[in-house]
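Below: the structure, in structure tokens.
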Number of protein chains: 2
Amino acid sequence: MTDQLSQTFAALADPTRRAILARLAKGEATVNELAQPFHMSLPAVSKHLKVLEKAKLISRGRTAQWRPCRLEPEALKTIDGWLGDYRSLWEHRLDRLEDYLATLKTEEEEEQK
Amino acid sequence: MTDQLSQTFAALADPTRRAILARLAKGEATVNELAQPFHMSLPAVSKHLKVLEKAKLISRGRTAQWRPCRLEPEALKTIDGWLGDYRSLWEHRLDRLEDYLATLKTEEEEEQK
DNA sequence: GCTTTATTTAGCTAAAAAGTTAATTAACTA
DNA sequence: TAGTTAATTAACTTTTTAGCTAAATAAAGC
């Protein structure tokens, strides 16, 4: 799990981290603000943020003693791109079923000749 | 990491497993066929398949001594759905940059009055 | 029934992940 | 400068993950 894509997927494989991202979608927040909804120590949240940062899902500024976090959509866009290769599998699923049924019907007609 | 979405993300956070999915996108395959490209023991591949199966990314049939695997697009569709909530963040990024530049320009004009 | 082929399970090891509390760093504030 | 607030780092524990080899199971084929 050394590549960037794996790291991003791994970062997303945790409900706490996804909740943090959901919060950041509404705008920047500090570590304390992000930690507030969770039954978890601050260092634990800090670690989650480090994971998200390494995965390039967030970036962090520095304003006095605060380290405001913001969402970085690029990594999500990369996931979306990866998914793109598979999208037709579910989008055209019905089409392919219809194709298949059409094929069956044709074969049936062939047999009757 | 007990929920289904986390499990799916975790399953995708491994290059071997993603390669297996890429192979299965081309059609069903047996465990041996799937294992063939990797420098890895068969039990290791078997474990990866179990992870993918638990994540509902694949399902497995049973034909004699073979256990053919096939891709199940539903779990990927779920990921796509989750991503959907964030899609506007990168799709409208340029728009927002343009908005921002427009704002700057307007402010400049205001100052010159 | 014995052998081969396909795959999984058992039992092990090493490394990574997720959490804890206590201590530390950094910057502001009185 | 001493104290407060924000956040991180250190040190530790527990659980999970990814790999291995060797053994077991399951079905087929002679």
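Following the order of the structure tokens, first chain is A, next is B, and so on, with residues numbered from 1 inside each chain and ligands from 1 in the order they appear.
If you take only C-alpha atoms (C1' of nucleotides) and a cut-off of 8 Å, the residues of chain D that reach chain A are D:DA6, D:DA7, D:DT8.
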Just to be explicit: take each residue in the selection above, keep N, CA, C and O atoms (P, O5', C5', C4', C3', O3' and C1' of nucleotides), and write the result as a PDB file, in the first residue's frame.
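Saved result, out02.pdb, follows:
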ATOM      1  P    DA D   6      -8.403  27.051  22.237  1.00  0.00           P
ATOM      2  O5'  DA D   6      -7.126  26.561  21.441  1.00  0.00           O
ATOM      3  C5'  DA D   6      -6.578  27.407  20.420  1.00  0.00           C
ATOM      4  C4'  DA D   6      -5.638  26.593  19.569  1.00  0.00           C
ATOM      5  C3'  DA D   6      -6.234  25.273  19.063  1.00  0.00           C
ATOM      6  O3'  DA D   6      -5.981  25.198  17.664  1.00  0.00           O
ATOM      7  C1'  DA D   6      -4.198  24.863  20.214  1.00  0.00           C
ATOM      8  P    DA D   7      -6.541  23.922  16.811  1.00  0.00           P
ATOM      9  O5'  DA D   7      -5.301  22.932  16.955  1.00  0.00           O
ATOM     10  C5'  DA D   7      -4.078  23.335  16.334  1.00  0.00           C
ATOM     11  C4'  DA D   7      -2.979  22.385  16.715  1.00  0.00           C
ATOM     12  C3'  DA D   7      -3.231  20.925  16.328  1.00  0.00           C
ATOM     13  O3'  DA D   7      -2.452  20.646  15.181  1.00  0.00           O
ATOM     14  C1'  DA D   7      -2.137  21.176  18.449  1.00  0.00           C
ATOM     15  P    DT D   8      -2.213  19.168  14.638  1.00  0.00           P
ATOM     16  O5'  DT D   8      -0.895  18.722  15.439  1.00  0.00           O
ATOM     17  C5'  DT D   8       0.236  19.595  15.356  1.00  0.00           C
ATOM     18  C4'  DT D   8       1.396  18.991  16.127  1.00  0.00           C
ATOM     19  C3'  DT D   8       1.755  17.582  15.679  1.00  0.00           C
ATOM     20  O3'  DT D   8       3.159  17.571  15.414  1.00  0.00           O
ATOM     21  C1'  DT D   8       1.443  17.649  18.025  1.00  0.00           C
TER      22       DT D   8
END
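Those residues that approach DA18 (chain C) to within 10 Å, counting only C-alpha atoms (C1' of nucleotides), are Ala44, Lys47 and His48 of chain A; DT14, DT15 and DT16 of chain D; same-chain residues fewer than 5 positions away are not listed.
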Quick one: write out the picked residues with all heavy atoms as a compact mmCIF listing (two decimals), in the first residue's frame?
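Result went into selection.txt, see below:
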# COMPACT_ATOMS: atom_id res chain seq x y z
N ALA A 44 -6.00 11.50 18.77
CA ALA A 44 -6.56 10.54 17.82
C ALA A 44 -7.05 11.28 16.57
O ALA A 44 -6.77 10.87 15.44
CB ALA A 44 -7.71 9.77 18.46
N LYS A 47 -4.21 12.44 14.48
CA LYS A 47 -3.68 11.35 13.65
C LYS A 47 -4.52 11.16 12.39
O LYS A 47 -3.98 10.97 11.30
CB LYS A 47 -3.66 10.05 14.45
CG LYS A 47 -2.38 9.84 15.23
CD LYS A 47 -2.35 8.41 15.76
CE LYS A 47 -1.16 8.17 16.66
NZ LYS A 47 -1.16 6.79 17.19
N HIS A 48 -5.84 11.22 12.57
CA HIS A 48 -6.72 11.07 11.41
C HIS A 48 -6.43 12.17 10.39
O HIS A 48 -6.40 11.92 9.19
CB HIS A 48 -8.18 11.14 11.85
CG HIS A 48 -8.69 9.84 12.41
ND1 HIS A 48 -8.62 8.66 11.72
CD2 HIS A 48 -9.29 9.56 13.58
CE1 HIS A 48 -9.14 7.69 12.45
NE2 HIS A 48 -9.55 8.20 13.60
P DT D 14 -2.79 -4.83 25.82
OP1 DT D 14 -3.59 -5.25 26.99
OP2 DT D 14 -1.57 -5.60 25.41
O5' DT D 14 -3.75 -4.71 24.55
C5' DT D 14 -4.70 -3.65 24.46
C4' DT D 14 -5.42 -3.74 23.13
O4' DT D 14 -4.61 -3.08 22.12
C3' DT D 14 -5.65 -5.17 22.65
O3' DT D 14 -6.99 -5.26 22.22
C2' DT D 14 -4.62 -5.36 21.55
C1' DT D 14 -4.47 -3.94 21.01
N1 DT D 14 -3.15 -3.60 20.38
C2 DT D 14 -3.16 -2.80 19.26
O2 DT D 14 -4.17 -2.38 18.74
N3 DT D 14 -1.93 -2.51 18.76
C4 DT D 14 -0.71 -2.92 19.25
O4 DT D 14 0.34 -2.59 18.69
C5 DT D 14 -0.77 -3.76 20.43
C7 DT D 14 0.52 -4.27 21.03
C6 DT D 14 -1.97 -4.05 20.94
P DT D 15 -7.59 -6.63 21.61
OP1 DT D 15 -8.97 -6.74 22.11
OP2 DT D 15 -6.60 -7.73 21.82
O5' DT D 15 -7.65 -6.27 20.05
C5' DT D 15 -8.16 -4.99 19.66
C4' DT D 15 -8.05 -4.83 18.16
O4' DT D 15 -6.69 -4.51 17.78
C3' DT D 15 -8.43 -6.09 17.39
O3' DT D 15 -9.30 -5.68 16.36
C2' DT D 15 -7.09 -6.64 16.89
C1' DT D 15 -6.27 -5.36 16.74
N1 DT D 15 -4.79 -5.48 16.86
C2 DT D 15 -4.02 -4.77 15.97
O2 DT D 15 -4.48 -4.08 15.08
N3 DT D 15 -2.66 -4.90 16.16
C4 DT D 15 -2.02 -5.64 17.11
O4 DT D 15 -0.80 -5.66 17.17
C5 DT D 15 -2.89 -6.37 18.02
C7 DT D 15 -2.29 -7.22 19.10
C6 DT D 15 -4.22 -6.25 17.85
P DT D 16 -9.91 -6.73 15.28
OP1 DT D 16 -11.29 -6.31 14.99
OP2 DT D 16 -9.60 -8.12 15.72
O5' DT D 16 -9.02 -6.37 14.01
C5' DT D 16 -8.82 -4.99 13.70
C4' DT D 16 -7.95 -4.87 12.45
O4' DT D 16 -6.57 -5.07 12.79
C3' DT D 16 -8.30 -5.89 11.37
O3' DT D 16 -8.38 -5.15 10.18
C2' DT D 16 -7.14 -6.88 11.44
C1' DT D 16 -5.99 -5.99 11.89
N1 DT D 16 -4.84 -6.60 12.63
C2 DT D 16 -3.56 -6.19 12.28
O2 DT D 16 -3.34 -5.40 11.38
N3 DT D 16 -2.55 -6.75 13.02
C4 DT D 16 -2.68 -7.65 14.07
O4 DT D 16 -1.70 -8.07 14.66
C5 DT D 16 -4.05 -8.03 14.38
C7 DT D 16 -4.29 -9.00 15.49
C6 DT D 16 -5.05 -7.49 13.66
Write out as number ranges by chain the residues lying within 10 Å of Ala22 (chain A), counting only C-alpha atoms (C1' of nucleotides) and excluding same-chain residues fewer than 5 positions away.
A: 16-17, 27, 71; B: 85-86
Convert the current residue selection to file output with all heavy atoms, as a CSV table (one decimal), in the first residue's frame.
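Saved to part.csv:
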chain,number,residue,atom,x,y,z
A,16,THR,N,-14.8,8.0,10.7
A,16,THR,CA,-14.4,9.3,11.3
A,16,THR,C,-13.8,10.2,10.3
A,16,THR,O,-14.2,11.4,10.2
A,16,THR,CB,-13.4,9.0,12.5
A,16,THR,OG1,-14.0,8.2,13.4
A,16,THR,CG2,-13.0,10.3,13.1
A,17,ARG,N,-13.0,9.7,9.5
A,17,ARG,CA,-12.3,10.5,8.5
A,17,ARG,C,-13.3,11.0,7.4
A,17,ARG,O,-13.2,12.1,7.0
A,17,ARG,CB,-11.1,9.8,7.8
A,17,ARG,CG,-10.0,9.6,8.8
A,17,ARG,CD,-8.7,9.2,8.1
A,17,ARG,NE,-8.7,7.8,7.6
A,17,ARG,CZ,-8.1,6.8,8.2
A,17,ARG,NH1,-7.5,7.0,9.4
A,17,ARG,NH2,-8.2,5.6,7.7
A,27,GLY,N,-16.6,24.1,4.7
A,27,GLY,CA,-15.7,25.1,4.9
A,27,GLY,C,-14.6,24.8,5.8
A,27,GLY,O,-14.7,23.7,6.5
A,71,LEU,N,-10.5,21.1,2.7
A,71,LEU,CA,-10.7,19.9,1.8
A,71,LEU,C,-9.9,20.2,0.5
A,71,LEU,O,-10.0,21.3,0.0
A,71,LEU,CB,-12.2,19.8,1.5
A,71,LEU,CG,-12.7,18.5,0.8
A,71,LEU,CD1,-12.2,17.3,1.6
A,71,LEU,CD2,-14.2,18.6,0.7
B,85,ASP,N,-21.7,13.4,-3.7
B,85,ASP,CA,-21.9,14.5,-2.8
B,85,ASP,C,-20.8,15.6,-2.9
B,85,ASP,O,-21.0,16.7,-2.6
B,85,ASP,CB,-21.9,14.0,-1.3
B,85,ASP,CG,-23.0,13.0,-1.2
B,85,ASP,OD1,-23.9,12.9,-2.0
B,85,ASP,OD2,-22.9,12.2,-0.2
B,86,TYR,N,-19.6,15.1,-3.3
B,86,TYR,CA,-18.5,16.0,-3.4
B,86,TYR,C,-18.2,16.5,-4.8
B,86,TYR,O,-17.3,17.4,-5.0
B,86,TYR,CB,-17.2,15.3,-2.8
B,86,TYR,CG,-17.3,15.0,-1.4
B,86,TYR,CD1,-17.8,13.8,-1.0
B,86,TYR,CD2,-17.0,15.9,-0.4
B,86,TYR,CE1,-18.0,13.5,0.4
B,86,TYR,CE2,-17.1,15.6,0.9
B,86,TYR,CZ,-17.6,14.4,1.3
B,86,TYR,OH,-17.7,14.1,2.7
Quick check, in Å to one decimal: how far apart do CA of Thr8 (chain A) and CA of Ile58 (chain A) lie?
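Distance between the two atoms: 10.8 Å.
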May I have a table of the residues of chain A lying at most 12 Å from chain B, giving each one's closest pair of atoms and their distance in Å to one decimal, counting only C-alpha atoms, ordered by chain and ascending residue number, as a Markdown table?
| residue | atom | partner | partner_atom | distance |
| --- | --- | --- | --- | --- |
| A:Met1 | CA | B:Asp14 | CA | 5.7 |
| A:Thr2 | CA | B:Asp14 | CA | 8.9 |
| A:Asp3 | CA | B:Pro15 | CA | 8.0 |
| A:Gln4 | CA | B:Ala13 | CA | 9.6 |
| A:Leu5 | CA | B:Ala13 | CA | 7.3 |
| A:Ser6 | CA | B:Ala13 | CA | 4.2 |
| A:Gln7 | CA | B:Ala13 | CA | 6.6 |
| A:Thr8 | CA | B:Ala13 | CA | 7.5 |
| A:Phe9 | CA | B:Ala13 | CA | 4.8 |
| A:Ala10 | CA | B:Ala13 | CA | 5.0 |
| A:Ala11 | CA | B:Phe9 | CA | 8.4 |
| A:Leu12 | CA | B:Phe9 | CA | 6.2 |
| A:Ala13 | CA | B:Ser6 | CA | 4.2 |
| A:Asp14 | CA | B:Ser6 | CA | 5.5 |
| A:Pro15 | CA | B:Ser6 | CA | 6.7 |
| A:Thr16 | CA | B:Met1 | CA | 9.2 |
| A:Arg17 | CA | B:Ser6 | CA | 10.2 |
| A:Arg18 | CA | B:Ser6 | CA | 9.2 |
| A:Ala19 | CA | B:Ser6 | CA | 11.8 |
| A:Leu21 | CA | B:Tyr86 | CA | 9.5 |
| A:Ala22 | CA | B:Tyr86 | CA | 8.6 |
| A:Arg23 | CA | B:Tyr86 | CA | 11.5 |
| A:Leu24 | CA | B:Tyr86 | CA | 10.7 |
| A:Ala25 | CA | B:Tyr86 | CA | 7.5 |
| A:Lys26 | CA | B:Leu89 | CA | 10.4 |
| A:Gly27 | CA | B:Leu89 | CA | 11.2 |
| A:Ala55 | CA | B:Ala13 | CA | 11.5 |
| A:Leu57 | CA | B:Tyr86 | CA | 11.8 |
| A:Arg70 | CA | B:Leu89 | CA | 11.9 |
| A:Leu71 | CA | B:Leu89 | CA | 9.2 |
| A:Glu72 | CA | B:Trp90 | CA | 8.8 |
| A:Pro73 | CA | B:Trp90 | CA | 5.7 |
| A:Glu74 | CA | B:Trp90 | CA | 7.0 |
| A:Ala75 | CA | B:Trp90 | CA | 9.9 |
| A:Leu76 | CA | B:Leu83 | CA | 7.3 |
| A:Lys77 | CA | B:Trp90 | CA | 6.9 |
| A:Thr78 | CA | B:Trp90 | CA | 10.5 |
| A:Ile79 | CA | B:Leu83 | CA | 8.4 |
| A:Asp80 | CA | B:Leu83 | CA | 7.2 |
| A:Gly81 | CA | B:Asp80 | CA | 10.4 |
| A:Trp82 | CA | B:Arg18 | CA | 10.0 |
| A:Leu83 | CA | B:Asp80 | CA | 7.2 |
| A:Gly84 | CA | B:Asp80 | CA | 9.0 |
| A:Asp85 | CA | B:Ala22 | CA | 8.9 |
| A:Tyr86 | CA | B:Ala25 | CA | 7.5 |
| A:Arg87 | CA | B:Lys77 | CA | 7.7 |
| A:Ser88 | CA | B:Pro73 | CA | 9.4 |
| A:Leu89 | CA | B:Pro73 | CA | 6.3 |
| A:Trp90 | CA | B:Pro73 | CA | 5.7 |
| A:Glu91 | CA | B:Lys77 | CA | 9.0 |
| A:His92 | CA | B:Pro73 | CA | 10.8 |
| A:Arg93 | CA | B:Pro73 | CA | 9.0 |
Can you check which parts of chain C lie within 7 Å of chain A? Per residue, the shortest pair of atoms and distance in Å to one decimal, counting only C-alpha atoms (C1' of nucleotides), sorted by chain and number, as a Markdown table.
| residue | atom | partner | partner_atom | distance |
| --- | --- | --- | --- | --- |
| C:DG19 | C1' | A:Ala44 | CA | 6.7 |
| C:DA26 | C1' | A:Gln65 | CA | 6.6 |
| C:DA27 | C1' | A:Gln65 | CA | 5.2 |
Could you please write out, as a PyMOL selection string, every residue of chain B that DSSP assigns to alpha helix (DSSP H)?
chain B and resi 4-12+15-24+31-35+42-54+73-91+93-112
Gap from CA of Cys69 (chain A) to C1' of DA11 (chain D) - Å, one decimal:
27.0 Å
Separation of CA of Leu49 (chain B) from C1' of DT4 (chain C), in Å and rounded to one decimal:
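According to the coordinates, CA of Leu49 (chain B) and C1' of DT4 (chain C) are separated by 24.2 Å.
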As a ChimeraX atom specification, which residues of chain A does DSSP assign to strand (DSSP E)?
/A:58-60,69-71
Atoms kept (N, CA, C and O atoms) for selection, written as a JSON list (two decimals), in the first residue's frame:
[["chain", "number", "residue", "atom", "x", "y", "z"],
["A", 58, "ILE", "N", -6.79, 16.59, 2.35],
["A", 58, "ILE", "CA", -6.89, 17.90, 2.98],
["A", 58, "ILE", "C", -5.52, 18.58, 2.95],
["A", 58, "ILE", "O", -4.50, 17.93, 2.72],
["A", 59, "SER", "N", -5.54, 19.88, 3.18],
["A", 59, "SER", "CA", -4.28, 20.60, 3.39],
["A", 59, "SER", "C", -4.47, 21.47, 4.62],
["A", 59, "SER", "O", -5.61, 21.69, 5.06],
["A", 60, "ARG", "N", -3.37, 21.95, 5.17],
["A", 60, "ARG", "CA", -3.47, 22.70, 6.41],
["A", 60, "ARG", "C", -2.74, 24.02, 6.36],
["A", 60, "ARG", "O", -1.58, 24.08, 5.94],
["A", 69, "CYS", "N", -7.87, 23.39, 8.62],
["A", 69, "CYS", "CA", -7.86, 22.36, 7.59],
["A", 69, "CYS", "C", -8.84, 22.73, 6.49],
["A", 69, "CYS", "O", -9.90, 23.27, 6.77],
["A", 70, "ARG", "N", -8.47, 22.38, 5.29],
["A", 70, "ARG", "CA", -9.44, 22.54, 4.19],
["A", 70, "ARG", "C", -9.41, 21.32, 3.28],
["A", 70, "ARG", "O", -8.39, 20.64, 3.16],
["A", 71, "LEU", "N", -10.53, 21.07, 2.70],
["A", 71, "LEU", "CA", -10.69, 19.94, 1.80],
["A", 71, "LEU", "C", -9.94, 20.21, 0.50],
["A", 71, "LEU", "O", -9.96, 21.33, 0.00]]
Polymer residues at most 10 Å from DT9 (chain D), only C-alpha atoms (C1' of nucleotides), same-chain spacing of 6 or more positions, as an mmCIF file with N, CA and C atoms (P, O5', C5', C4', C3', O3' and C1' of nucleotides), in the first residue's frame:
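File written: selection-v9.cif
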data_model
loop_
_atom_site.group_PDB
_atom_site.id
_atom_site.type_symbol
_atom_site.label_atom_id
_atom_site.label_comp_id
_atom_site.auth_asym_id
_atom_site.auth_seq_id
_atom_site.Cartn_x
_atom_site.Cartn_y
_atom_site.Cartn_z
ATOM 1 N N PRO A 43 -5.488 13.824 20.242
ATOM 2 C CA PRO A 43 -4.404 13.194 19.476
ATOM 3 C C PRO A 43 -4.924 12.192 18.436
ATOM 4 P P DA C 23 3.692 13.355 32.463
ATOM 5 O "O5'" DA C 23 4.393 13.928 31.159
ATOM 6 C "C5'" DA C 23 5.264 13.057 30.418
ATOM 7 C "C4'" DA C 23 5.762 13.783 29.200
ATOM 8 C "C3'" DA C 23 6.312 15.180 29.487
ATOM 9 O "O3'" DA C 23 7.505 15.347 28.736
ATOM 10 C "C1'" DA C 23 4.612 15.315 27.851
ATOM 11 P P DT C 24 8.336 16.758 28.784
ATOM 12 O "O5'" DT C 24 7.939 17.380 27.371
ATOM 13 C "C5'" DT C 24 8.205 16.632 26.183
ATOM 14 C "C4'" DT C 24 7.804 17.456 24.970
ATOM 15 C "C3'" DT C 24 8.372 18.875 24.962
ATOM 16 O "O3'" DT C 24 9.104 19.039 23.761
ATOM 17 C "C1'" DT C 24 6.030 18.882 24.537
ATOM 18 P P DT C 25 9.982 20.375 23.482
ATOM 19 O "O5'" DT C 25 9.043 21.161 22.466
ATOM 20 C "C5'" DT C 25 8.668 20.545 21.245
ATOM 21 C "C4'" DT C 25 7.648 21.421 20.551
ATOM 22 C "C3'" DT C 25 8.082 22.873 20.376
ATOM 23 O "O3'" DT C 25 7.950 23.162 19.003
ATOM 24 C "C1'" DT C 25 5.920 22.750 21.296
#
